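Shown next: upload-v2.txt, given as compact mmCIF, C-alpha atoms and all ligand atoms.
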# COMPACT_ATOMS: atom_id res chain seq x y z
CA MET B 233 0.00 0.00 0.00
CA SER B 234 1.14 3.53 -0.68
CA THR B 235 2.60 5.46 2.21
CA LEU B 236 0.97 8.68 1.04
CA THR B 237 -1.88 9.86 3.10
CA ILE B 238 -5.04 10.43 1.21
CA THR B 239 -5.82 13.71 2.88
CA GLU B 240 -2.72 15.22 1.22
CA ALA B 241 -4.83 15.82 -1.92
CA SER B 242 -4.39 19.34 -3.08
CA CYS B 243 -7.22 21.26 -4.63
CA ALA B 244 -5.08 23.74 -6.55
CA ASP B 245 -6.45 24.71 -9.94
CA ASP B 246 -5.77 27.38 -12.57
CA TYR B 247 -9.33 28.64 -12.68
CA ASP B 248 -11.17 28.05 -9.45
CA PRO B 249 -9.00 27.83 -6.36
CA ASN B 250 -11.48 25.44 -4.81
CA SER B 251 -11.82 22.96 -7.65
CA MET B 252 -9.71 20.01 -8.69
CA PRO B 253 -8.84 19.38 -12.37
CA VAL B 254 -10.00 16.01 -13.76
CA ASP B 255 -6.47 14.78 -14.61
CA LYS B 256 -5.08 15.67 -11.19
CA ALA B 257 -7.86 13.84 -9.37
CA ARG B 258 -7.32 10.80 -11.59
CA ALA B 259 -3.56 10.81 -11.01
CA PHE B 260 -4.07 11.27 -7.28
CA ILE B 261 -6.35 8.23 -7.03
CA HIS B 262 -3.92 6.08 -9.03
CA GLN B 263 -1.20 6.42 -6.39
CA PHE B 264 -3.22 4.22 -4.08
CA LEU B 265 -4.15 1.38 -6.41
CA GLN B 266 -2.63 -2.12 -6.23
CA PRO B 267 -4.05 -5.26 -7.86
CA VAL B 268 -6.05 -7.55 -5.61
CA ARG B 269 -4.32 -10.61 -4.22
CA GLY B 270 -5.79 -13.98 -5.03
CA THR B 271 -5.84 -15.91 -8.26
CA LEU B 272 -7.64 -18.93 -9.60
CA ARG B 273 -7.45 -21.22 -12.62
CA VAL B 274 -10.44 -21.31 -14.91
CA PRO B 275 -11.29 -23.14 -18.14
CA VAL B 276 -10.40 -21.07 -21.20
CA ARG B 277 -13.97 -20.03 -22.10
CA ASP B 278 -14.63 -18.82 -18.55
CA SER B 279 -11.63 -16.50 -18.75
CA LEU B 280 -13.44 -14.12 -21.14
CA GLY B 281 -13.33 -10.65 -19.61
CA ARG B 282 -11.05 -11.82 -16.78
CA ILE B 283 -7.46 -10.71 -16.30
CA LEU B 284 -4.46 -13.02 -16.60
CA ALA B 285 -2.68 -13.36 -13.27
CA GLU B 286 0.50 -14.90 -14.75
CA ASP B 287 2.32 -14.90 -18.07
CA VAL B 288 1.04 -17.69 -20.30
CA LEU B 289 3.97 -19.48 -22.00
CA SER B 290 3.38 -21.22 -25.26
CA PRO B 291 3.70 -24.99 -24.75
CA VAL B 292 4.13 -25.49 -28.50
CA ASN B 293 5.59 -23.96 -31.63
CA VAL B 294 3.13 -21.87 -33.66
CA PRO B 295 2.82 -22.98 -36.40
CA SER B 296 3.58 -26.45 -35.11
CA HIS B 297 5.03 -27.60 -38.47
CA ARG B 298 6.50 -26.08 -41.59
CA ASN B 299 3.48 -25.41 -43.80
CA SER B 300 2.35 -23.73 -46.96
CA ALA B 301 0.92 -20.21 -47.02
CA MET B 302 -0.65 -20.81 -50.45
CA ASP B 303 -2.47 -23.33 -52.59
CA GLY B 304 0.07 -24.55 -55.17
CA TRP B 305 3.03 -26.92 -55.44
CA ALA B 306 6.02 -27.53 -53.16
CA MET B 307 9.49 -28.21 -54.59
CA ARG B 308 13.21 -27.51 -54.13
CA GLY B 309 13.85 -23.84 -54.78
CA ALA B 310 17.11 -24.78 -56.53
CA ASP B 311 15.11 -26.57 -59.22
CA LEU B 312 13.35 -23.40 -60.38
CA ALA B 313 15.22 -21.78 -63.22
CA ALA B 314 15.71 -18.05 -62.80
CA GLY B 315 13.67 -16.08 -65.31
CA ALA B 316 12.56 -19.14 -67.29
CA GLU B 317 9.85 -21.76 -67.10
CA THR B 318 10.58 -25.03 -65.27
CA THR B 319 8.66 -28.27 -65.60
CA LEU B 320 8.62 -30.70 -62.66
CA THR B 321 6.89 -34.04 -61.99
CA GLU B 322 4.11 -34.18 -59.40
CA ILE B 323 4.67 -37.18 -57.10
CA GLY B 324 1.84 -36.71 -54.60
CA ALA B 325 -0.21 -34.27 -52.53
CA SER B 326 -0.05 -32.63 -49.09
CA PHE B 327 -3.37 -31.33 -47.83
CA ALA B 328 -4.07 -29.63 -44.48
CA GLY B 329 -4.24 -32.47 -41.99
CA LYS B 330 -3.11 -35.06 -44.61
CA PRO B 331 0.63 -34.72 -45.12
CA PHE B 332 2.57 -36.25 -48.03
CA ASP B 333 4.40 -39.32 -46.82
CA GLY B 334 7.65 -39.13 -48.73
CA ARG B 335 10.51 -36.98 -49.88
CA VAL B 336 10.69 -34.49 -52.71
CA GLY B 337 13.75 -35.07 -54.87
CA ALA B 338 15.33 -33.16 -57.73
CA GLY B 339 12.90 -32.52 -60.59
CA GLN B 340 9.90 -33.37 -58.44
CA CYS B 341 7.03 -31.43 -56.84
CA VAL B 342 4.07 -32.10 -54.58
CA ARG B 343 0.58 -30.60 -54.88
CA ILE B 344 0.02 -28.61 -51.64
CA MET B 345 -2.86 -26.70 -50.06
CA THR B 346 -2.71 -23.80 -47.58
CA GLY B 347 -1.74 -25.16 -44.16
CA GLY B 348 -0.45 -28.42 -45.66
CA VAL B 349 2.87 -29.71 -44.26
CA VAL B 350 5.76 -28.82 -46.58
CA PRO B 351 7.24 -32.27 -47.33
CA GLU B 352 10.79 -33.26 -46.58
CA GLY B 353 13.18 -32.18 -49.29
CA ALA B 354 10.99 -29.25 -50.39
CA ASP B 355 11.68 -25.68 -49.24
CA THR B 356 9.61 -23.54 -51.59
CA VAL B 357 5.98 -23.20 -52.70
CA VAL B 358 4.79 -21.74 -56.00
CA MET B 359 1.18 -20.59 -55.96
CA GLN B 360 -1.18 -22.28 -58.38
CA GLU B 361 -1.84 -19.05 -60.32
CA ARG B 362 1.77 -19.30 -61.56
CA ALA B 363 1.59 -22.94 -62.64
CA LYS B 364 0.13 -24.97 -65.49
CA ALA B 365 -0.56 -28.64 -64.87
CA ASN B 366 -0.68 -31.18 -67.66
CA GLY B 367 -1.39 -34.48 -65.96
CA LYS B 368 1.56 -35.11 -63.63
CA SER B 369 3.73 -32.66 -65.49
CA VAL B 370 3.60 -29.16 -63.98
CA THR B 371 5.20 -26.06 -65.51
CA PHE B 372 6.09 -23.10 -63.30
CA GLY B 373 6.71 -19.54 -64.46
CA GLY B 374 7.25 -16.13 -62.92
CA VAL B 375 9.99 -14.91 -60.64
CA ASN B 376 10.55 -17.20 -57.67
CA ARG B 377 12.66 -17.14 -54.56
CA THR B 378 13.77 -20.13 -52.50
CA GLY B 379 11.74 -20.28 -49.26
CA GLN B 380 8.78 -18.32 -50.59
CA ASN B 381 5.27 -19.10 -49.29
CA VAL B 382 6.63 -21.38 -46.57
CA ARG B 383 5.73 -20.70 -42.94
CA GLU B 384 8.43 -22.06 -40.64
CA ALA B 385 7.54 -23.96 -37.46
CA GLY B 386 7.61 -21.57 -34.49
CA GLU B 387 7.63 -18.55 -36.80
CA ASP B 388 4.68 -16.87 -35.02
CA LEU B 389 5.49 -18.09 -31.51
CA GLU B 390 8.29 -20.34 -30.27
CA ALA B 391 7.61 -23.02 -27.68
CA GLY B 392 8.48 -21.64 -24.22
CA SER B 393 8.09 -17.98 -25.18
CA VAL B 394 5.50 -15.65 -23.64
CA ALA B 395 2.23 -15.90 -25.55
CA LEU B 396 0.25 -13.56 -23.27
CA ARG B 397 1.48 -11.35 -20.47
CA ARG B 398 0.11 -11.05 -16.96
CA GLY B 399 -2.39 -8.21 -16.81
CA ARG B 400 -3.91 -8.88 -20.22
CA ILE B 401 -7.70 -8.67 -20.32
CA VAL B 402 -8.96 -11.78 -22.08
CA ARG B 403 -10.98 -10.86 -25.17
CA PRO B 404 -12.23 -13.11 -27.98
CA ALA B 405 -8.80 -12.91 -29.68
CA GLU B 406 -7.09 -14.22 -26.51
CA LEU B 407 -9.62 -17.07 -26.20
CA GLY B 408 -8.71 -18.12 -29.73
CA LEU B 409 -4.99 -17.75 -29.16
CA LEU B 410 -5.13 -19.81 -25.96
CA ALA B 411 -7.11 -22.49 -27.76
CA SER B 412 -4.64 -22.49 -30.67
CA LEU B 413 -1.90 -23.31 -28.16
CA GLY B 414 -3.91 -26.17 -26.69
CA VAL B 415 -4.07 -24.41 -23.32
CA GLY B 416 -7.08 -25.70 -21.37
CA GLU B 417 -6.93 -23.64 -18.17
CA VAL B 418 -5.64 -20.17 -17.43
CA PRO B 419 -4.64 -18.36 -14.22
CA VAL B 420 -6.79 -15.26 -13.66
CA TYR B 421 -7.20 -12.76 -10.85
CA ARG B 422 -10.13 -13.39 -8.57
CA PRO B 423 -13.06 -11.06 -9.23
CA LEU B 424 -13.01 -7.69 -7.53
CA ARG B 425 -15.74 -7.45 -4.88
CA VAL B 426 -17.59 -4.16 -5.15
CA ALA B 427 -20.27 -3.15 -2.65
CA PHE B 428 -22.54 -0.29 -3.65
CA PHE B 429 -25.52 1.58 -2.29
CA SER B 430 -27.55 4.69 -2.96
CA THR B 431 -28.09 7.38 -0.37
CA GLY B 432 -31.10 9.66 -0.07
CA ASP B 433 -34.36 9.99 1.87
CA GLU B 434 -36.22 10.64 -1.40
CA LEU B 435 -35.29 7.30 -2.98
CA ARG B 436 -37.71 4.43 -3.37
CA SER B 437 -37.13 1.01 -4.83
CA ILE B 438 -39.01 -0.32 -7.85
CA GLY B 439 -42.33 -1.84 -6.75
CA SER B 440 -43.17 0.78 -4.15
CA THR B 441 -45.54 3.68 -4.82
CA LEU B 442 -43.95 7.10 -4.96
CA GLY B 443 -45.04 9.70 -2.43
CA GLU B 444 -44.74 13.44 -2.91
CA GLY B 445 -41.14 14.39 -3.85
CA GLU B 446 -39.99 10.80 -4.03
CA ILE B 447 -38.17 9.21 -6.97
CA TYR B 448 -37.12 5.74 -7.99
CA ASP B 449 -33.51 4.83 -7.30
CA SER B 450 -31.91 4.50 -10.74
CA ASN B 451 -28.25 4.81 -9.79
CA ARG B 452 -28.05 1.28 -8.44
CA TYR B 453 -29.20 0.07 -11.82
CA THR B 454 -26.68 1.98 -13.91
CA LEU B 455 -23.99 0.95 -11.42
CA HIS B 456 -25.17 -2.66 -11.63
CA GLY B 457 -24.74 -2.47 -15.40
CA MET B 458 -21.36 -0.75 -15.44
CA LEU B 459 -19.86 -2.94 -12.71
CA THR B 460 -21.21 -6.14 -14.27
CA ARG B 461 -19.70 -5.23 -17.62
CA LEU B 462 -16.33 -4.73 -15.98
CA GLY B 463 -16.58 -8.22 -14.52
CA CYS B 464 -16.84 -7.29 -10.84
CA GLU B 465 -18.53 -9.36 -8.16
CA LEU B 466 -21.46 -7.22 -7.02
CA LEU B 467 -22.83 -6.63 -3.54
CA ASP B 468 -25.93 -4.47 -3.97
CA MET B 469 -26.69 -3.00 -0.55
CA GLY B 470 -29.83 -1.11 -1.55
CA VAL B 471 -30.86 2.36 -0.45
CA VAL B 472 -29.55 3.91 2.75
CA ARG B 473 -31.38 6.83 4.38
CA ASP B 474 -29.65 10.17 5.04
CA ASP B 475 -29.19 9.16 8.63
CA PRO B 476 -25.73 9.21 10.23
CA ALA B 477 -26.17 5.96 12.14
CA ALA B 478 -27.61 4.07 9.17
CA LEU B 479 -24.89 5.41 6.88
CA GLU B 480 -22.12 4.57 9.30
CA ARG B 481 -23.43 1.01 9.59
CA ALA B 482 -23.65 0.68 5.81
CA PHE B 483 -20.15 2.05 5.17
CA SER B 484 -18.67 -0.12 7.86
CA GLU B 485 -20.37 -3.27 6.62
CA ALA B 486 -19.49 -2.55 2.99
CA ALA B 487 -15.82 -1.96 3.79
CA ASP B 488 -15.70 -5.20 5.76
CA VAL B 489 -16.96 -7.39 2.93
CA ALA B 490 -15.73 -5.65 -0.24
CA ASP B 491 -12.54 -4.51 -1.93
CA VAL B 492 -14.27 -1.38 -3.16
CA VAL B 493 -17.26 0.63 -1.93
CA VAL B 494 -19.15 2.80 -4.41
CA THR B 495 -21.96 5.08 -3.31
CA SER B 496 -24.08 7.69 -5.01
CA GLY B 497 -25.45 10.86 -3.49
CA GLY B 498 -24.62 12.62 -0.29
CA VAL B 499 -21.27 14.12 -1.35
CA SER B 500 -22.48 17.51 -2.55
CA VAL B 501 -21.95 20.65 -0.51
CA GLY B 502 -24.45 20.74 2.32
CA GLU B 503 -24.94 17.00 2.36
CA ALA B 504 -21.24 16.26 2.55
CA ASP B 505 -20.64 17.73 5.96
CA PHE B 506 -22.04 14.98 8.10
CA VAL B 507 -20.87 12.26 5.71
CA LYS B 508 -17.44 13.87 5.92
CA SER B 509 -17.20 13.76 9.66
CA MET B 510 -18.67 10.27 9.76
CA LEU B 511 -16.21 8.93 7.19
CA GLY B 512 -13.44 10.71 9.06
CA ASN B 513 -14.09 8.28 11.91
CA LEU B 514 -13.98 5.22 9.66
CA GLY B 515 -11.09 6.05 7.34
CA GLU B 516 -9.35 8.64 5.23
CA VAL B 517 -11.42 10.33 2.58
CA VAL B 518 -11.02 13.45 0.46
CA PHE B 519 -14.00 15.38 -0.85
CA TRP B 520 -13.39 17.19 -4.10
CA LYS B 521 -15.17 19.74 -6.17
CA ILE B 522 -13.96 18.54 -9.54
CA ALA B 523 -13.63 21.13 -12.32
CA MET B 524 -16.01 19.19 -14.53
CA LYS B 525 -19.61 19.04 -15.63
CA PRO B 526 -21.50 16.96 -14.88
CA GLY B 527 -20.01 15.34 -11.80
CA ARG B 528 -18.67 18.18 -9.71
CA PRO B 529 -18.70 16.59 -6.25
CA LEU B 530 -16.62 13.43 -5.83
CA ALA B 531 -15.11 11.68 -2.84
CA TYR B 532 -12.28 9.17 -2.81
CA GLY B 533 -10.54 7.43 0.01
CA LYS B 534 -9.88 4.31 2.01
CA ILE B 535 -12.30 2.94 4.54
CA ARG B 536 -10.21 0.42 6.43
CA GLY B 537 -8.81 -1.77 3.64
CA ALA B 538 -11.44 -0.84 1.06
CA HIS B 539 -11.24 1.83 -1.63
CA PHE B 540 -14.14 4.24 -1.50
CA PHE B 541 -15.66 6.18 -4.40
CA GLY B 542 -18.39 8.61 -3.38
CA LEU B 543 -20.14 9.56 -6.61
CA PRO B 544 -22.60 12.43 -6.99
CA GLY B 545 -26.31 11.71 -6.79
CA ASN B 546 -27.42 12.98 -10.18
CA PRO B 547 -27.93 10.01 -12.49
CA VAL B 548 -25.85 11.33 -15.40
CA SER B 549 -23.09 12.47 -13.03
CA VAL B 550 -22.90 8.95 -11.64
CA MET B 551 -22.25 7.52 -15.08
CA VAL B 552 -19.80 10.22 -16.13
CA THR B 553 -17.74 10.02 -12.95
CA PHE B 554 -17.81 6.24 -13.11
CA TYR B 555 -16.42 6.23 -16.66
CA GLN B 556 -13.89 8.99 -16.00
CA PHE B 557 -12.57 7.94 -12.58
CA VAL B 558 -13.86 4.60 -11.34
CA ARG B 559 -13.55 2.43 -14.47
CA ASP B 560 -9.77 2.75 -14.86
CA ALA B 561 -9.19 2.52 -11.12
CA LEU B 562 -11.19 -0.71 -10.89
CA LEU B 563 -9.28 -2.17 -13.83
CA VAL B 564 -5.99 -1.52 -12.02
CA LEU B 565 -7.38 -3.16 -8.88
CA MET B 566 -8.58 -6.10 -11.00
CA GLY B 567 -4.99 -6.63 -12.17
CA ALA B 568 -5.17 -5.15 -15.68
CA ASP B 569 -1.76 -3.96 -16.88
CA PRO B 570 -1.41 -1.73 -18.76
CA VAL B 571 -4.68 0.11 -18.25
CA LEU B 572 -4.96 2.29 -21.29
CA PRO B 573 -7.33 5.21 -21.06
CA VAL B 574 -10.45 4.89 -23.19
CA PRO B 575 -9.27 6.32 -26.51
CA THR B 576 -10.61 9.58 -27.84
CA PHE B 577 -10.64 10.87 -31.39
CA THR B 578 -11.92 13.91 -33.20
CA ALA B 579 -15.09 14.61 -35.13
CA THR B 580 -16.81 17.61 -36.62
CA CYS B 581 -19.48 19.04 -34.37
CA THR B 582 -22.59 19.94 -36.37
CA GLU B 583 -24.30 22.09 -33.75
CA ARG B 584 -23.47 24.94 -31.45
CA LEU B 585 -22.47 23.87 -27.93
CA LYS B 586 -22.69 26.12 -24.92
CA LYS B 587 -19.61 25.74 -22.76
CA ALA B 588 -18.03 27.81 -20.00
CA PRO B 589 -14.20 27.76 -19.76
CA GLY B 590 -12.62 26.61 -16.50
CA ARG B 591 -13.92 23.06 -16.36
CA THR B 592 -14.04 19.90 -18.47
CA GLU B 593 -17.45 19.07 -19.86
CA PHE B 594 -18.62 15.63 -20.88
CA GLN B 595 -21.57 16.36 -23.11
CA ARG B 596 -23.56 13.44 -24.44
CA GLY B 597 -23.33 13.05 -28.19
CA VAL B 598 -24.39 10.99 -31.16
CA LEU B 599 -21.54 10.14 -33.49
CA ALA B 600 -22.27 9.11 -37.08
CA ARG B 601 -20.85 9.34 -40.59
CA GLY B 602 -22.07 12.42 -42.40
CA ALA B 603 -22.31 13.03 -46.12
CA GLY B 604 -18.93 12.33 -47.68
CA GLY B 605 -18.05 9.85 -44.95
CA ARG B 606 -16.57 12.20 -42.36
CA LEU B 607 -17.30 11.60 -38.67
CA GLU B 608 -19.82 14.04 -37.29
CA VAL B 609 -21.17 14.47 -33.79
CA ARG B 610 -24.18 16.29 -32.40
CA PRO B 611 -25.31 16.67 -28.80
CA THR B 612 -28.25 14.55 -27.66
CA GLY B 613 -30.22 17.61 -26.64
CA GLU B 614 -30.85 18.79 -23.08
CA GLN B 615 -27.69 18.17 -21.08
CA GLY B 616 -29.01 18.40 -17.51
CA SER B 617 -27.18 16.09 -15.12
CA GLY B 618 -30.47 14.53 -14.04
CA ILE B 619 -31.57 13.64 -17.58
CA LEU B 620 -30.64 10.00 -17.94
CA LYS B 621 -32.19 9.91 -21.38
CA SER B 622 -29.26 12.05 -22.56
CA MET B 623 -27.00 9.07 -21.72
CA SER B 624 -29.37 6.54 -23.19
CA ASP B 625 -29.63 8.45 -26.50
CA ALA B 626 -25.86 8.95 -26.67
CA ASN B 627 -23.17 6.74 -28.17
CA CYS B 628 -20.30 9.00 -27.11
CA PHE B 629 -19.11 11.76 -24.84
CA ILE B 630 -18.13 15.05 -26.42
CA ILE B 631 -15.19 16.07 -24.25
CA LEU B 632 -14.66 19.81 -24.03
CA GLY B 633 -11.44 20.66 -22.19
CA ASP B 634 -10.92 23.22 -19.45
CA SER B 635 -9.92 26.08 -21.73
CA THR B 636 -12.65 25.53 -24.34
CA GLY B 637 -15.48 28.02 -24.58
CA ASN B 638 -18.58 27.83 -26.77
CA VAL B 639 -18.27 25.53 -29.78
CA GLU B 640 -19.52 26.74 -33.15
CA PRO B 641 -20.99 24.41 -35.81
CA GLY B 642 -18.22 22.93 -37.97
CA ALA B 643 -15.63 22.96 -35.18
CA ILE B 644 -13.51 19.87 -34.47
CA VAL B 645 -14.21 18.33 -31.05
CA GLU B 646 -12.86 15.39 -29.06
CA VAL B 647 -15.17 12.39 -28.67
CA GLN B 648 -15.01 9.19 -26.65
CA LEU B 649 -17.14 6.19 -27.54
CA LEU B 650 -19.31 4.64 -24.86
CA GLU B 651 -18.91 1.12 -26.30
CA GLY B 652 -15.86 -0.88 -27.28
CA ILE B 653 -16.01 -3.26 -30.25
CA VAL B 654 -14.72 -6.26 -28.36
P1 LIG R 1 -27.37 14.41 -3.95
O1 LIG R 1 -26.00 14.34 -4.55
O2 LIG R 1 -27.62 13.35 -2.95
O3 LIG R 1 -27.66 15.79 -3.47
O4 LIG R 1 -28.36 14.15 -5.16
C1 LIG R 1 -28.40 14.98 -6.28
C2 LIG R 1 -29.64 14.70 -7.11
O5 LIG R 1 -29.62 13.37 -7.60
C3 LIG R 1 -30.95 14.83 -6.35
O6 LIG R 1 -31.91 15.41 -7.22
C4 LIG R 1 -31.30 13.42 -6.01
O7 LIG R 1 -32.68 13.22 -5.83
C5 LIG R 1 -30.79 12.67 -7.21
N1 LIG R 1 -30.44 11.31 -6.85
C6 LIG R 1 -29.62 10.97 -5.82
N2 LIG R 1 -29.50 9.62 -5.76
C7 LIG R 1 -30.26 9.11 -6.75
C8 LIG R 1 -30.54 7.80 -7.19
N3 LIG R 1 -30.01 6.74 -6.57
N4 LIG R 1 -31.35 7.63 -8.26
C9 LIG R 1 -31.88 8.69 -8.88
N5 LIG R 1 -31.64 9.96 -8.52
C10 LIG R 1 -30.85 10.19 -7.46
MG MG R 2 -28.95 13.00 -1.48

Please express the file's structure as structure tokens.
Ligand code: AMP
Ligand code: MG
Amino acid sequence: MSTLTITEASCADDYDPNSMPVDKARAFIHQFLQPVRGTLRVPVRDSLGRILAEDVLSPVNVPSHRNSAMDGWAMRGADLAAGAETTLTEIGASFAGKPFDGRVGAGQCVRIMTGGVVPEGADTVVMQERAKANGKSVTFGGVNRTGQNVREAGEDLEAGSVALRRGRIVRPAELGLLASLGVGEVPVYRPLRVAFFSTGDELRSIGSTLGEGEIYDSNRYTLHGMLTRLGCELLDMGVVRDDPAALERAFSEAADVADVVVTSGGVSVGEADFVKSMLGNLGEVVFWKIAMKPGRPLAYGKIRGAHFFGLPGNPVSVMVTFYQFVRDALLVLMGADPVLPVPTFTATCTERLKKAPGRTEFQRGVLARGAGGRLEVRPTGEQGSGILKSMSDANCFIILGDSTGNVEPGAIVEVQLLEGIV
């Protein structure tokens, strides 16, 4: 664990002396993150979305045998005349999975298909488009080079070398690679246990009738979705009232059973004060006003051994702060290495965006190809931090940096997709 104390977080900022820039808050949190301890071995298919806890060494050569990269004929390269046609005698065939049982001598060739074992004696393959067969007599033309179209055993991966490094998130490509090596079980980190609850006297659970001023708790549902997608083990602790004793019990219980505690609500100015003093008794927590919109209030700290993320209450703010702060932090804790930030790229904004300098805004956008094929983005409409539909309609964030002011139609903006392709 880091020796830094969490309460050393500075709130210095170029614009507002009381607010914390997004990057600084992110970097601050990352000082305290170490992968969980505890690994297990799982069958290859079950490792999808999990993180490798050890390097996986290749038990075999890939490819396992010298094979052809083309459909054609295999022969000795020395037999092919330079710049002239050469006629050789076909003595057999080597198909994928059905090798030729013999040796290719001078003046001879073997019909071969892609993936077929290159027979003993042969070292070169000529593709069929450059050959003319007349019964067993085959004439080859074109310019050839000894060794062409032959894939050597171990060319892609040598037996004993590292096929996949510790920290790699297993995606479909890794499942296939592991299978291609004949690996049946892989060591992965145990799932990260994340306890979460919503705070607020106004919150009701689905199934109950709403009284005056009451709303359904939606944050536990978006959190359920985001945490499940990351592959965490979930402990949904429900709704906790704005009551110091109830909150203290909930925080204490959550920190006892989980690696990470995520809450929503109760960290904004006014509400934060009693949560602050209560969490001060249980652990070390900093409360930030982040220079961002939405998602201004945010708390981070340690409650006993558990990491704590106190997200704002507004439904859009919960999702934005989760994606911008919690996602990467959880991946580090889950053992992912390296954790690359979600990539951003640029697109042409087709509408005017209102934006005040001095904070980073994460507006919700719809990215699509415009006429002529260029990437264009437009905002989803009303951007209020309580309007969850703005997230649901969006397929990306439009990220407007601290120094950016209003954006005019036609301007280039930075976007970040909400979905990955794998
Ligand atoms: P708070 O940060 O607790 O002041 O909450 C800010 C706003 O978000 C208020 O309008 C709350 O009613 C709303 N809110 C807080 N928690 C939830 C929740 N779990 N689901 C939906 N809205 C919430
Ligand atoms: Mg509240």

Could you give me, as JSON lines, a per-residue list for chain B showing, wherever an atom lies at most 9 Å from an atom of ligand MG 2 (chain R), the closest pair of atoms and their distance in Å to one decimal, using all atoms listed in the file and sorting by chain then residue number from low to high?
{"residue": "B:Ser430", "atom": "CA", "partner": "R:MG2", "partner_atom": "MG", "distance": 8.6}
{"residue": "B:Thr431", "atom": "CA", "partner": "R:MG2", "partner_atom": "MG", "distance": 5.8}
{"residue": "B:Gly432", "atom": "CA", "partner": "R:MG2", "partner_atom": "MG", "distance": 4.2}
{"residue": "B:Asp433", "atom": "CA", "partner": "R:MG2", "partner_atom": "MG", "distance": 7.0}
{"residue": "B:Glu434", "atom": "CA", "partner": "R:MG2", "partner_atom": "MG", "distance": 7.6}
{"residue": "B:Leu435", "atom": "CA", "partner": "R:MG2", "partner_atom": "MG", "distance": 8.7}
{"residue": "B:Arg473", "atom": "CA", "partner": "R:MG2", "partner_atom": "MG", "distance": 8.8}
{"residue": "B:Asp474", "atom": "CA", "partner": "R:MG2", "partner_atom": "MG", "distance": 7.1}
{"residue": "B:Ser496", "atom": "CA", "partner": "R:MG2", "partner_atom": "MG", "distance": 8.0}
{"residue": "B:Gly497", "atom": "CA", "partner": "R:MG2", "partner_atom": "MG", "distance": 4.6}
{"residue": "B:Gly498", "atom": "CA", "partner": "R:MG2", "partner_atom": "MG", "distance": 4.5}
{"residue": "B:Val499", "atom": "CA", "partner": "R:MG2", "partner_atom": "MG", "distance": 7.8}
{"residue": "B:Ser500", "atom": "CA", "partner": "R:MG2", "partner_atom": "MG", "distance": 8.0}
{"residue": "B:Glu503", "atom": "CA", "partner": "R:MG2", "partner_atom": "MG", "distance": 6.8}
{"residue": "B:Pro544", "atom": "CA", "partner": "R:MG2", "partner_atom": "MG", "distance": 8.4}
{"residue": "B:Gly545", "atom": "CA", "partner": "R:MG2", "partner_atom": "MG", "distance": 6.1}
{"residue": "B:Asn546", "atom": "CA", "partner": "R:MG2", "partner_atom": "MG", "distance": 8.8}

Item checked: Residue nearest ligand LIG 1 (chain R) - candidates B:Val564, B:Ile447, B:Ala385, B:Cys628, atoms counted: all atoms listed in the file -> B:Ile447

Sort by chain and increasing residue number a table of all residues of range 513-567 of chain B within 12 Å of range 637-649 of chain B, each with its closest pair of atoms and their distance in Å to one decimal, counting only C-alpha atoms, and write it as JSON lines.
{"residue": "B:Val552", "atom": "CA", "partner": "B:Gln648", "partner_atom": "CA", "distance": 11.6}
{"residue": "B:Tyr555", "atom": "CA", "partner": "B:Gln648", "partner_atom": "CA", "distance": 10.5}
{"residue": "B:Gln556", "atom": "CA", "partner": "B:Gln648", "partner_atom": "CA", "distance": 10.7}

Within 9 Å of (-9.6, -17.6, -7.4), in the coordinates the file gives, what residues turn up when you count only C-alpha atoms, written out as a CSV table (one decimal) with C-alpha atoms, keeping the file's coordinate frame?
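Final output, part-v4.csv:
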chain,number,residue,atom,x,y,z
B,270,GLY,CA,-5.8,-14.0,-5.0
B,271,THR,CA,-5.8,-15.9,-8.3
B,272,LEU,CA,-7.6,-18.9,-9.6
B,273,ARG,CA,-7.4,-21.2,-12.6
B,274,VAL,CA,-10.4,-21.3,-14.9
B,419,PRO,CA,-4.6,-18.4,-14.2
B,420,VAL,CA,-6.8,-15.3,-13.7
B,421,TYR,CA,-7.2,-12.8,-10.8
B,422,ARG,CA,-10.1,-13.4,-8.6
B,423,PRO,CA,-13.1,-11.1,-9.2

Residue contacts of Ala538 in chain B (9 Å, all atoms listed in the file) excluding same-chain residues fewer than 5 positions away, as an mmCIF file with C-alpha atoms, keeping the file's coordinate frame:
data_model
loop_
_atom_site.group_PDB
_atom_site.id
_atom_site.type_symbol
_atom_site.label_atom_id
_atom_site.label_comp_id
_atom_site.auth_asym_id
_atom_site.auth_seq_id
_atom_site.Cartn_x
_atom_site.Cartn_y
_atom_site.Cartn_z
ATOM 1 C CA ALA B 486 -19.490 -2.550 2.990
ATOM 2 C CA ALA B 487 -15.820 -1.960 3.790
ATOM 3 C CA ASP B 488 -15.700 -5.200 5.760
ATOM 4 C CA VAL B 489 -16.960 -7.390 2.930
ATOM 5 C CA ALA B 490 -15.730 -5.650 -0.240
ATOM 6 C CA ASP B 491 -12.540 -4.510 -1.930
ATOM 7 C CA VAL B 492 -14.270 -1.380 -3.160
ATOM 8 C CA VAL B 493 -17.260 0.630 -1.930
ATOM 9 C CA GLY B 533 -10.540 7.430 0.010
#

Notebook entry, point to check: Which residue out of B:Asp278, B:Asp634, B:Asp311, B:Asp625 has the minimum interatomic distance to Glu417 in chain B when only C-alpha atoms are used?
Noted result: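 For Glu417 in chain B, the nearest of the given residues is B:Asp278.
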
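Comparing B:Val268, B:Phe629, B:Val342, B:Val507 by their smallest distance to Arg308 in chain B, the closest is B:Val342 (using only C-alpha atoms).
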
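In this structure, CA of Gly374 in chain B sits 24.8 Å away from CA of Arg335 in chain B.
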
Taking the block above, write range 471-475 of chain B with C-alpha atoms as a compact mmCIF listing (two decimals), in the first residue's frame.
# COMPACT_ATOMS: atom_id res chain seq x y z
CA VAL B 471 -30.86 2.36 -0.45
CA VAL B 472 -29.55 3.91 2.75
CA ARG B 473 -31.38 6.83 4.38
CA ASP B 474 -29.65 10.17 5.04
CA ASP B 475 -29.19 9.16 8.63
